[in-house]
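As stored in upload_30.cif (mmCIF, C-alpha atoms):
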data_work
loop_
_atom_site.group_PDB
_atom_site.id
_atom_site.type_symbol
_atom_site.label_atom_id
_atom_site.label_comp_id
_atom_site.auth_asym_id
_atom_site.auth_seq_id
_atom_site.Cartn_x
_atom_site.Cartn_y
_atom_site.Cartn_z
ATOM 1 C CA MET X 1 64.444 116.605 85.809
ATOM 2 C CA ARG X 2 66.955 114.961 83.495
ATOM 3 C CA VAL X 3 68.810 111.857 84.724
ATOM 4 C CA ILE X 4 72.093 110.868 83.138
ATOM 5 C CA CYS X 5 73.533 107.401 83.775
ATOM 6 C CA VAL X 6 76.994 107.625 85.297
ATOM 7 C CA ALA X 7 79.504 105.248 83.712
ATOM 8 C CA LEU X 8 83.143 104.731 84.657
ATOM 9 C CA PHE X 9 84.443 106.752 81.719
ATOM 10 C CA ILE X 10 82.857 109.939 82.983
ATOM 11 C CA PHE X 11 85.814 110.612 85.217
ATOM 12 C CA PHE X 12 87.831 111.680 82.205
ATOM 13 C CA LEU X 13 85.293 114.384 81.348
ATOM 14 C CA PRO X 14 85.040 117.822 82.967
ATOM 15 C CA LEU X 15 82.921 117.718 86.095
ATOM 16 C CA GLU X 16 80.646 120.410 84.678
ATOM 17 C CA VAL X 17 79.164 118.000 82.087
ATOM 18 C CA PHE X 18 77.770 115.639 84.735
ATOM 19 C CA GLY X 19 74.026 115.269 85.094
ATOM 20 C CA GLN X 20 72.152 116.651 88.056
ATOM 21 C CA ILE X 21 71.856 113.308 89.849
ATOM 22 C CA TYR X 22 74.988 111.486 90.981
ATOM 23 C CA ASP X 23 74.304 107.757 91.201
ATOM 24 C CA TRP X 24 77.214 105.814 92.718
ATOM 25 C CA GLU X 25 75.746 102.322 92.367
ATOM 26 C CA ASP X 26 79.257 100.815 92.217
ATOM 27 C CA PHE X 27 81.581 101.681 95.120
ATOM 28 C CA ASN X 28 84.550 101.507 92.740
ATOM 29 C CA LYS X 29 83.205 104.638 91.039
ATOM 30 C CA THR X 30 83.338 106.489 94.337
ATOM 31 C CA LEU X 31 86.972 105.495 94.822
ATOM 32 C CA VAL X 32 87.860 106.481 91.261
ATOM 33 C CA ALA X 33 86.165 109.839 91.832
ATOM 34 C CA ILE X 34 88.178 110.404 95.021
ATOM 35 C CA GLU X 35 91.397 109.793 93.109
ATOM 36 C CA ARG X 36 90.246 112.130 90.360
ATOM 37 C CA ILE X 37 89.471 114.862 92.905
ATOM 38 C CA ASN X 38 92.870 114.372 94.526
ATOM 39 C CA LYS X 39 94.671 114.558 91.202
ATOM 40 C CA LYS X 40 92.745 117.546 89.821
ATOM 41 C CA LYS X 41 92.110 119.209 93.223
ATOM 42 C CA GLU X 42 88.459 119.730 92.267
ATOM 43 C CA MET X 43 87.402 119.898 95.890
ATOM 44 C CA SER X 44 83.882 121.210 95.285
ATOM 45 C CA PHE X 45 82.891 117.763 93.956
ATOM 46 C CA LEU X 46 83.644 116.018 97.271
ATOM 47 C CA ASN X 47 80.170 116.944 98.560
ATOM 48 C CA ALA X 48 78.603 114.876 95.769
ATOM 49 C CA LEU X 49 80.391 111.786 97.127
ATOM 50 C CA SER X 50 79.336 112.273 100.761
ATOM 51 C CA ASP X 51 76.146 111.761 102.718
ATOM 52 C CA ASP X 52 74.735 114.735 104.605
ATOM 53 C CA GLU X 53 75.695 113.404 108.033
ATOM 54 C CA PHE X 54 79.337 113.058 106.983
ATOM 55 C CA ILE X 55 79.484 116.528 105.374
ATOM 56 C CA HIS X 56 78.606 118.150 108.707
ATOM 57 C CA SER X 57 81.144 116.134 110.717
ATOM 58 C CA PRO X 58 84.752 116.914 111.725
ATOM 59 C CA ASP X 59 85.825 113.813 109.778
ATOM 60 C CA PHE X 60 84.769 115.478 106.524
ATOM 61 C CA ALA X 61 87.045 118.460 107.140
ATOM 62 C CA GLN X 62 89.940 116.096 107.905
ATOM 63 C CA LEU X 63 89.427 114.155 104.666
ATOM 64 C CA PHE X 64 88.911 117.372 102.686
ATOM 65 C CA ASN X 65 92.230 118.787 103.891
ATOM 66 C CA ALA X 66 94.084 115.514 103.260
ATOM 67 C CA ILE X 67 92.816 115.221 99.666
ATOM 68 C CA LYS X 68 93.466 118.915 99.001
ATOM 69 C CA SER X 69 96.924 119.145 100.582
ATOM 70 C CA PHE X 70 98.573 115.805 99.822
ATOM 71 C CA HIS X 71 98.950 113.105 97.183
ATOM 72 C CA LEU X 72 96.969 109.869 97.512
ATOM 73 C CA ASN X 73 98.128 106.299 96.899
ATOM 74 C CA LEU X 74 95.622 103.419 96.954
ATOM 75 C CA GLY X 75 98.023 100.687 95.854
ATOM 76 C CA TYR X 76 97.945 99.107 99.315
ATOM 77 C CA ALA X 77 94.227 99.614 99.936
ATOM 78 C CA GLN X 78 92.191 96.805 101.442
ATOM 79 C CA VAL X 79 88.426 96.641 100.960
ATOM 80 C CA ARG X 80 85.956 95.149 103.417
ATOM 81 C CA CYS X 81 82.202 94.975 103.170
ATOM 82 C CA ILE X 82 80.263 94.597 106.412
ATOM 83 C CA LYS X 83 76.871 93.171 105.470
ATOM 84 C CA GLU X 84 73.809 92.529 107.577
ATOM 85 C CA PHE X 85 71.635 89.457 106.966
ATOM 86 C CA GLU X 86 68.334 88.551 108.600
ATOM 87 C CA ILE X 87 68.508 85.037 109.962
ATOM 88 C CA LYS X 88 65.744 82.819 111.348
ATOM 89 C CA ASP X 89 65.627 79.283 112.647
ATOM 90 C CA ALA X 90 63.390 77.167 110.385
ATOM 91 C CA LYS X 91 62.467 75.063 113.420
ATOM 92 C CA GLN X 92 61.214 78.162 115.270
ATOM 93 C CA PRO X 93 59.298 80.150 112.619
ATOM 94 C CA PHE X 94 57.650 82.478 115.155
ATOM 95 C CA ALA X 95 60.850 83.451 116.953
ATOM 96 C CA ASP X 96 62.251 86.935 116.371
ATOM 97 C CA ALA X 97 64.807 87.199 113.612
ATOM 98 C CA GLN X 98 68.417 87.918 114.473
ATOM 99 C CA SER X 99 70.964 89.884 112.484
ATOM 100 C CA LEU X 100 73.945 87.976 111.133
ATOM 101 C CA MET X 101 76.772 90.452 110.573
ATOM 102 C CA VAL X 102 79.419 89.244 108.108
ATOM 103 C CA SER X 103 82.667 90.954 107.157
ATOM 104 C CA PHE X 104 83.724 90.140 103.590
ATOM 105 C CA LEU X 105 87.326 90.894 102.581
ATOM 106 C CA GLN X 106 88.160 91.558 98.926
ATOM 107 C CA GLY X 107 91.226 89.590 97.833
ATOM 108 C CA ASN X 108 93.880 90.477 95.275
ATOM 109 C CA ASP X 109 91.781 88.597 92.708
ATOM 110 C CA PHE X 110 88.903 91.037 93.473
ATOM 111 C CA ARG X 111 86.742 88.186 94.787
ATOM 112 C CA TRP X 112 85.080 88.414 98.188
ATOM 113 C CA TYR X 113 86.088 86.126 101.056
ATOM 114 C CA VAL X 114 84.295 85.707 104.392
ATOM 115 C CA GLU X 115 86.592 87.196 107.021
ATOM 116 C CA SER X 116 84.543 87.153 110.222
ATOM 117 C CA ALA X 117 80.971 86.981 111.488
ATOM 118 C CA TYR X 118 78.894 87.540 114.601
ATOM 119 C CA LEU X 119 75.250 87.749 115.669
ATOM 120 C CA GLN X 120 73.536 90.995 116.621
ATOM 121 C CA SER X 121 70.516 90.478 118.851
ATOM 122 C CA GLY X 122 69.125 93.846 119.871
ATOM 123 C CA LYS X 123 72.028 95.691 121.469
ATOM 124 C CA ASP X 124 73.863 92.471 122.304
ATOM 125 C CA THR X 125 76.725 91.172 120.167
ATOM 126 C CA VAL X 126 77.095 87.385 120.231
ATOM 127 C CA HIS X 127 80.328 85.896 118.898
ATOM 128 C CA PHE X 128 80.481 82.298 117.752
ATOM 129 C CA GLU X 129 82.300 79.859 119.976
ATOM 130 C CA GLN X 130 85.701 78.906 118.606
ATOM 131 C CA LYS X 131 86.149 75.181 119.079
ATOM 132 C CA SER X 132 89.552 73.593 119.342
ATOM 133 C CA PHE X 133 91.247 70.273 120.016
ATOM 134 C CA LYS X 134 92.868 69.094 123.233
ATOM 135 C CA PRO X 135 96.254 70.469 124.365
ATOM 136 C CA LEU X 136 97.807 67.002 124.024
ATOM 137 C CA ALA X 137 96.248 66.390 120.605
ATOM 138 C CA ALA X 138 99.664 66.419 118.883
ATOM 139 C CA GLU X 139 101.045 63.799 121.280
ATOM 140 C CA TYR X 140 98.072 61.530 120.536
ATOM 141 C CA ASN X 141 98.160 62.047 116.762
ATOM 142 C CA PHE X 142 95.047 64.245 116.897
ATOM 143 C CA SER X 143 92.785 61.327 117.706
ATOM 144 C CA ASP X 144 90.080 63.819 118.738
ATOM 145 C CA PHE X 145 90.173 65.209 115.191
ATOM 146 C CA VAL X 146 89.812 61.717 113.741
ATOM 147 C CA ASN X 147 86.861 61.004 116.022
ATOM 148 C CA ALA X 148 85.204 64.301 115.090
ATOM 149 C CA VAL X 149 85.438 63.393 111.402
ATOM 150 C CA ARG X 150 84.084 59.886 111.981
ATOM 151 C CA ASN X 151 81.179 61.098 114.122
ATOM 152 C CA GLY X 152 80.246 63.916 111.771
ATOM 153 C CA ASP X 153 81.030 66.500 114.451
ATOM 154 C CA ILE X 154 83.767 68.156 112.394
ATOM 155 C CA LYS X 155 81.233 70.689 111.160
ATOM 156 C CA GLU X 156 81.192 72.057 114.711
ATOM 157 C CA TYR X 157 84.893 72.868 114.394
ATOM 158 C CA SER X 158 85.187 73.949 110.784
ATOM 159 C CA GLY X 159 83.594 76.989 109.237
ATOM 160 C CA ILE X 160 83.766 79.514 106.440
ATOM 161 C CA THR X 161 85.799 81.985 108.499
ATOM 162 C CA PRO X 162 89.188 81.457 110.144
ATOM 163 C CA TYR X 163 89.250 79.502 113.422
ATOM 164 C CA GLY X 164 85.607 78.474 113.172
ATOM 165 C CA GLY X 165 84.321 82.051 113.277
ATOM 166 C CA LEU X 166 81.154 80.952 111.456
ATOM 167 C CA PRO X 167 80.592 77.196 111.958
ATOM 168 C CA LEU X 168 78.960 75.351 109.086
ATOM 169 C CA SER X 169 76.633 73.666 111.574
ATOM 170 C CA PHE X 170 75.110 77.023 112.484
ATOM 171 C CA LEU X 171 73.832 77.564 108.952
ATOM 172 C CA ALA X 172 72.408 74.048 108.565
ATOM 173 C CA SER X 173 68.924 74.819 109.899
ATOM 174 C CA LYS X 174 68.839 78.570 109.308
ATOM 175 C CA ARG X 175 67.100 80.676 106.704
ATOM 176 C CA VAL X 176 69.147 83.660 105.604
ATOM 177 C CA GLN X 177 67.719 86.736 103.893
ATOM 178 C CA LYS X 178 69.445 89.882 102.684
ATOM 179 C CA ASN X 179 68.985 93.179 104.451
ATOM 180 C CA ARG X 180 69.770 96.474 102.791
ATOM 181 C CA ALA X 181 72.318 97.618 105.349
ATOM 182 C CA ALA X 182 75.885 97.418 104.056
ATOM 183 C CA THR X 183 79.105 99.275 104.735
ATOM 184 C CA ILE X 184 82.266 99.337 102.628
ATOM 185 C CA ILE X 185 85.473 100.089 104.539
ATOM 186 C CA VAL X 186 88.630 100.934 102.589
ATOM 187 C CA THR X 187 91.785 100.909 104.704
ATOM 188 C CA ASN X 188 95.443 101.794 104.084
ATOM 189 C CA MET X 189 94.793 105.018 102.172
ATOM 190 C CA ILE X 190 98.243 106.622 102.023
ATOM 191 C CA PHE X 191 98.550 110.408 101.911
ATOM 192 C CA TYR X 192 102.053 111.704 101.195
ATOM 193 C CA GLN X 193 103.828 114.893 100.226
ATOM 194 C CA HIS X 194 106.927 115.834 98.250
ATOM 195 C CA THR X 195 109.719 117.337 100.315
ATOM 196 C CA GLN X 196 112.567 119.445 98.968
ATOM 197 C CA ASP X 197 115.890 118.134 100.237
ATOM 198 C CA THR X 198 119.013 120.264 100.345
ATOM 199 C CA ALA X 199 121.290 117.297 99.765
ATOM 200 C CA GLN X 200 123.536 117.350 96.722
ATOM 201 C CA ASP X 201 122.377 113.893 95.670
ATOM 202 C CA VAL X 202 119.874 114.407 92.845
ATOM 203 C CA SER X 203 117.845 111.372 93.933
ATOM 204 C CA GLN X 204 117.206 113.052 97.282
ATOM 205 C CA LYS X 205 115.896 116.356 95.963
ATOM 206 C CA ASP X 206 112.321 115.186 95.543
ATOM 207 C CA ALA X 207 111.874 112.838 98.472
ATOM 208 C CA ARG X 208 108.382 111.778 99.470
ATOM 209 C CA GLN X 209 107.103 111.634 102.997
ATOM 210 C CA ILE X 210 104.015 109.801 104.229
ATOM 211 C CA VAL X 211 101.857 112.201 106.207
ATOM 212 C CA GLU X 212 98.811 110.086 107.066
ATOM 213 C CA VAL X 213 97.452 106.580 106.553
ATOM 214 C CA GLY X 214 93.677 106.529 106.810
ATOM 215 C CA TYR X 215 90.442 104.727 106.014
ATOM 216 C CA ILE X 216 86.992 105.596 104.728
ATOM 217 C CA ALA X 217 83.581 104.025 105.298
ATOM 218 C CA LEU X 218 80.901 104.151 102.591
ATOM 219 C CA LYS X 219 77.188 103.561 103.164
ATOM 220 C CA ASN X 220 74.942 102.270 100.394
ATOM 221 C CA THR X 221 72.144 104.849 100.198
ATOM 222 C CA THR X 222 69.369 103.594 97.906
ATOM 223 C CA LYS X 223 67.109 106.650 98.132
ATOM 224 C CA LEU X 224 67.963 110.079 96.797
ATOM 225 C CA GLN X 225 69.716 112.239 99.359
ATOM 226 C CA GLY X 226 69.428 115.646 97.773
ATOM 227 C CA GLN X 227 70.781 114.944 94.288
ATOM 228 C CA LYS X 228 72.854 111.857 95.080
ATOM 229 C CA LYS X 229 72.530 108.210 96.057
ATOM 230 C CA GLY X 230 74.550 104.993 96.043
ATOM 231 C CA TRP X 231 77.870 104.394 97.830
ATOM 232 C CA LEU X 232 78.392 107.664 99.699
ATOM 233 C CA LEU X 233 81.225 108.608 102.046
ATOM 234 C CA HIS X 234 80.061 108.263 105.643
ATOM 235 C CA GLU X 235 83.188 108.205 107.806
ATOM 236 C CA TYR X 236 86.898 109.002 107.665
ATOM 237 C CA GLY X 237 89.742 108.554 110.122
ATOM 238 C CA THR X 238 93.347 107.512 110.506
ATOM 239 C CA MET X 239 94.287 103.849 110.766
ATOM 240 C CA SER X 240 94.715 104.473 114.468
ATOM 241 C CA ASP X 241 91.022 105.448 114.556
ATOM 242 C CA PHE X 242 90.117 102.343 112.532
ATOM 243 C CA TYR X 243 91.744 99.950 114.999
ATOM 244 C CA GLU X 244 90.224 101.816 117.920
ATOM 245 C CA ARG X 245 86.706 101.629 116.410
ATOM 246 C CA TYR X 246 86.654 98.274 114.626
ATOM 247 C CA MET X 247 89.429 96.017 115.908
ATOM 248 C CA GLN X 248 90.308 94.585 119.289
ATOM 249 C CA GLN X 249 93.428 96.073 120.827
ATOM 250 C CA ASP X 250 96.388 93.758 121.195
ATOM 251 C CA LEU X 251 100.127 93.766 120.589
ATOM 252 C CA PHE X 252 99.618 93.861 116.823
ATOM 253 C CA HIS X 253 97.273 96.825 117.217
ATOM 254 C CA ASP X 254 99.900 98.689 119.254
ATOM 255 C CA PHE X 255 102.482 98.135 116.540
ATOM 256 C CA ILE X 256 100.173 99.315 113.794
ATOM 257 C CA ILE X 257 99.386 102.606 115.508
ATOM 258 C CA ASP X 258 103.083 103.286 116.093
ATOM 259 C CA LYS X 259 103.301 102.509 119.795
ATOM 260 C CA ALA X 260 106.024 99.973 119.086
ATOM 261 C CA GLU X 261 109.549 101.356 119.287
ATOM 262 C CA GLN X 262 110.560 102.957 115.959
ATOM 263 C CA GLY X 263 107.612 101.184 114.325
ATOM 264 C CA ALA X 264 106.472 104.146 112.253
ATOM 265 C CA LYS X 265 109.688 105.158 110.526
ATOM 266 C CA ASN X 266 110.855 101.647 109.682
ATOM 267 C CA ARG X 267 107.492 100.536 108.355
ATOM 268 C CA LEU X 268 106.683 103.595 106.285
ATOM 269 C CA LYS X 269 109.986 103.357 104.433
ATOM 270 C CA LYS X 270 108.826 100.038 102.981
ATOM 271 C CA TYR X 271 105.884 101.536 101.095
ATOM 272 C CA ASN X 272 106.317 101.883 97.344
ATOM 273 C CA LEU X 273 104.419 105.073 96.568
ATOM 274 C CA ASP X 274 104.584 104.280 92.849
ATOM 275 C CA LYS X 275 102.497 101.146 93.346
ATOM 276 C CA PRO X 276 99.487 101.369 90.965
ATOM 277 C CA SER X 277 96.089 102.038 92.433
ATOM 278 C CA ARG X 278 93.560 99.235 92.640
ATOM 279 C CA PHE X 279 90.832 101.573 91.461
ATOM 280 C CA TYR X 280 92.122 104.215 89.071
ATOM 281 C CA PHE X 281 90.667 103.470 85.646
ATOM 282 C CA GLU X 282 93.788 104.418 83.667
ATOM 283 C CA ASN X 283 95.795 101.792 85.556
ATOM 284 C CA LEU X 284 93.114 99.140 85.074
ATOM 285 C CA ARG X 285 92.947 99.922 81.383
ATOM 286 C CA SER X 286 96.730 99.600 80.973
ATOM 287 C CA VAL X 287 96.702 96.227 82.734
ATOM 288 C CA GLN X 288 93.908 94.926 80.493
ATOM 289 C CA SER X 289 95.782 95.976 77.352
ATOM 290 C CA ASN X 290 98.909 94.020 78.297
#

Represent the structure contained in this file as structure tokens.
Amino acid sequence: MRVICVALFIFFLPLEVFGQIYDWEDFNKTLVAIERINKKKEMSFLNALSDDEFIHSPDFAQLFNAIKSFHLNLGYAQVRCIKEFEIKDAKQPFADAQSLMVSFLQGNDFRWYVESAYLQSGKDTVHFEQKSFKPLAAEYNFSDFVNAVRNGDIKEYSGITPYGGLPLSFLASKRVQKNRAATIIVTNMIFYQHTQDTAQDVSQKDARQIVEVGYIALKNTTKLQGQKKGWLLHEYGTMSDFYERYMQQDLFHDFIIDKAEQGAKNRLKKYNLDKPSRFYFENLRSVQSN
């Protein structure tokens, strides 16, 4: 069996010249391929990007129809990586290891920032305690903050996630090892269509309408699954599904999924559908040349 290394430039070649094994070792390649499929409508290649479980799910049909029927904009996409780490207490070497789940958010500079974290112990999810200062701290010039700094207790309050979501003190005596499990979640995938307007104004004759805003989840498959491995599509849904599955519901959640009065129409008008993709290689190349 002949193996051909897949480089980023392959997406400008006909799909027929690809080797027999598709190796998506970089999740950016998967995103570039999705954009290529959407642009060329080469729908038969979508199977090569997806794991077997996803292919046989209703989510796959929903994504297939969206890519086939509409245009895709990834200019507003956000990328998260949910990574599992094995963590043990050095003072208790014989205790069972726990799983430290960390959500990394990719910034506009393409670097990864720790967004949130929690412990997974069996089926139980344990969130870190968020410490805070007294209600009258402002009136007393935050003397409790000053004392915490002096006593060395500030590490109990601070952390590497917002609001002490992962206190620095927790990591002081722990040994952290990588596990293979990782999930990439790409949100704010905008699907839109061109609409023919009967208005006399020329600028209105090719209006664009947002049809769906969705997300995808990619699993890092290290072993061959058929003729493919690497970052494979595992899940798709609307942003409403994303907040239902991954985020706590609150007032902000209600607004995002259009329960707020007139939230959908007013918000969608603010999207610039000409915003360059974060992934498409032609856009990256043009930026680098400037």

### Counting only C-alpha atoms, the option among X:Thr238, X:Arg208, X:Ile67, X:Arg278 closest to X:Gly107
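Checking each of X:Thr238, X:Arg208, X:Ile67, X:Arg278 against X:Gly107, counting only C-alpha atoms, the winner is X:Arg278.
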
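Between atom CA of X:Phe104 and atom CA of X:Tyr118 the interatomic distance comes to 12.3 Å.
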
Give me the residues of stretch 141-199 of chain X that have any atom at most 12 Å from an atom of stretch 26-35 of chain X; for each, the nearest atom pair and the distance in Å, rounded to one decimal. Use all atoms listed in the file, sort by chain and number, and format it as JSON lines.
{"residue": "X:Ala182", "atom": "CA", "partner": "X:Phe27", "partner_atom": "CA", "distance": 11.4}
{"residue": "X:Thr183", "atom": "CA", "partner": "X:Phe27", "partner_atom": "CA", "distance": 10.2}
{"residue": "X:Ile184", "atom": "CA", "partner": "X:Phe27", "partner_atom": "CA", "distance": 7.9}
{"residue": "X:Ile185", "atom": "CA", "partner": "X:Phe27", "partner_atom": "CA", "distance": 10.3}
{"residue": "X:Val186", "atom": "CA", "partner": "X:Leu31", "partner_atom": "CA", "distance": 9.2}
{"residue": "X:Thr187", "atom": "CA", "partner": "X:Leu31", "partner_atom": "CA", "distance": 11.9}
{"residue": "X:Met189", "atom": "CA", "partner": "X:Leu31", "partner_atom": "CA", "distance": 10.7}
{"residue": "X:Ile190", "atom": "CA", "partner": "X:Glu35", "partner_atom": "CA", "distance": 11.7}
{"residue": "X:Phe191", "atom": "CA", "partner": "X:Glu35", "partner_atom": "CA", "distance": 11.4}

### Message
From (91.8, 109.1, 106.0), in the file's coordinates, out to 12 Å: which residues are reached, counting all atoms listed in the file? Answer as a PyMOL selection string.
### Response
chain X and resi 34+58-67+70+72-74+77+185-192+211-217+233-242

### Query
Once the PyMOL selection byres ((chain X and resi 87) around 10) has been applied to the shown file, what residues remain in the selection, as a list of chain:residue names?
X:Glu84, X:Phe85, X:Glu86, X:Lys88, X:Asp89, X:Ala90, X:Asp96, X:Ala97, X:Gln98, X:Ser99, X:Leu100, X:Met101, X:Leu119, X:Leu171, X:Lys174, X:Arg175, X:Val176, X:Gln177, X:Lys178, X:Asn179

### Task
List, as a count of residues only, every residue that the PyMOL selection byres ((chain X and resi 158-165) around 8) selects in the file provided.
17

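The two atoms in question, atom CA of X:Lys219 and atom CA of X:Gln120, are spaced 18.8 Å apart.
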
## Note on the structure
As a check of understanding: the span from atom CA of X:Lys228 to atom CA of X:Asp23 is 5.8 Å

### Query
Which is closest to X:Trp231 among X:Ser50, X:Gln193, X:Thr125, X:Gln209, if we use all atoms listed in the file?
X:Ser50

### Message
Given all atoms listed in the file as the basis, pick out the residue of X:Gln92, X:Asn38, X:Lys134, X:Ser44 nearest to X:Ser173.
### Response
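So, comparing all the options, the nearest one is X:Gln92.
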
Stretch 133-142 of chain X: axis-aligned bounding box, 5 Å on each side, centre and edge lengths in Å, one decimal, as JSON:
{"center_x": 96.1, "center_y": 66.0, "center_z": 120.6, "size_x": 19.8, "size_y": 18.9, "size_z": 17.6}

### Query
Taking the file as shown, what set of residues would the PyMOL selection byres ((chain X and resi 277) around 8) give back, as a ChimeraX atom specification?
/X:73-76,275-276,278-280,283

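Counting only C-alpha atoms, the residue from X:Val102, X:Val126, X:Ala207, X:Leu273 that sits nearest to X:Cys81 is X:Val102.
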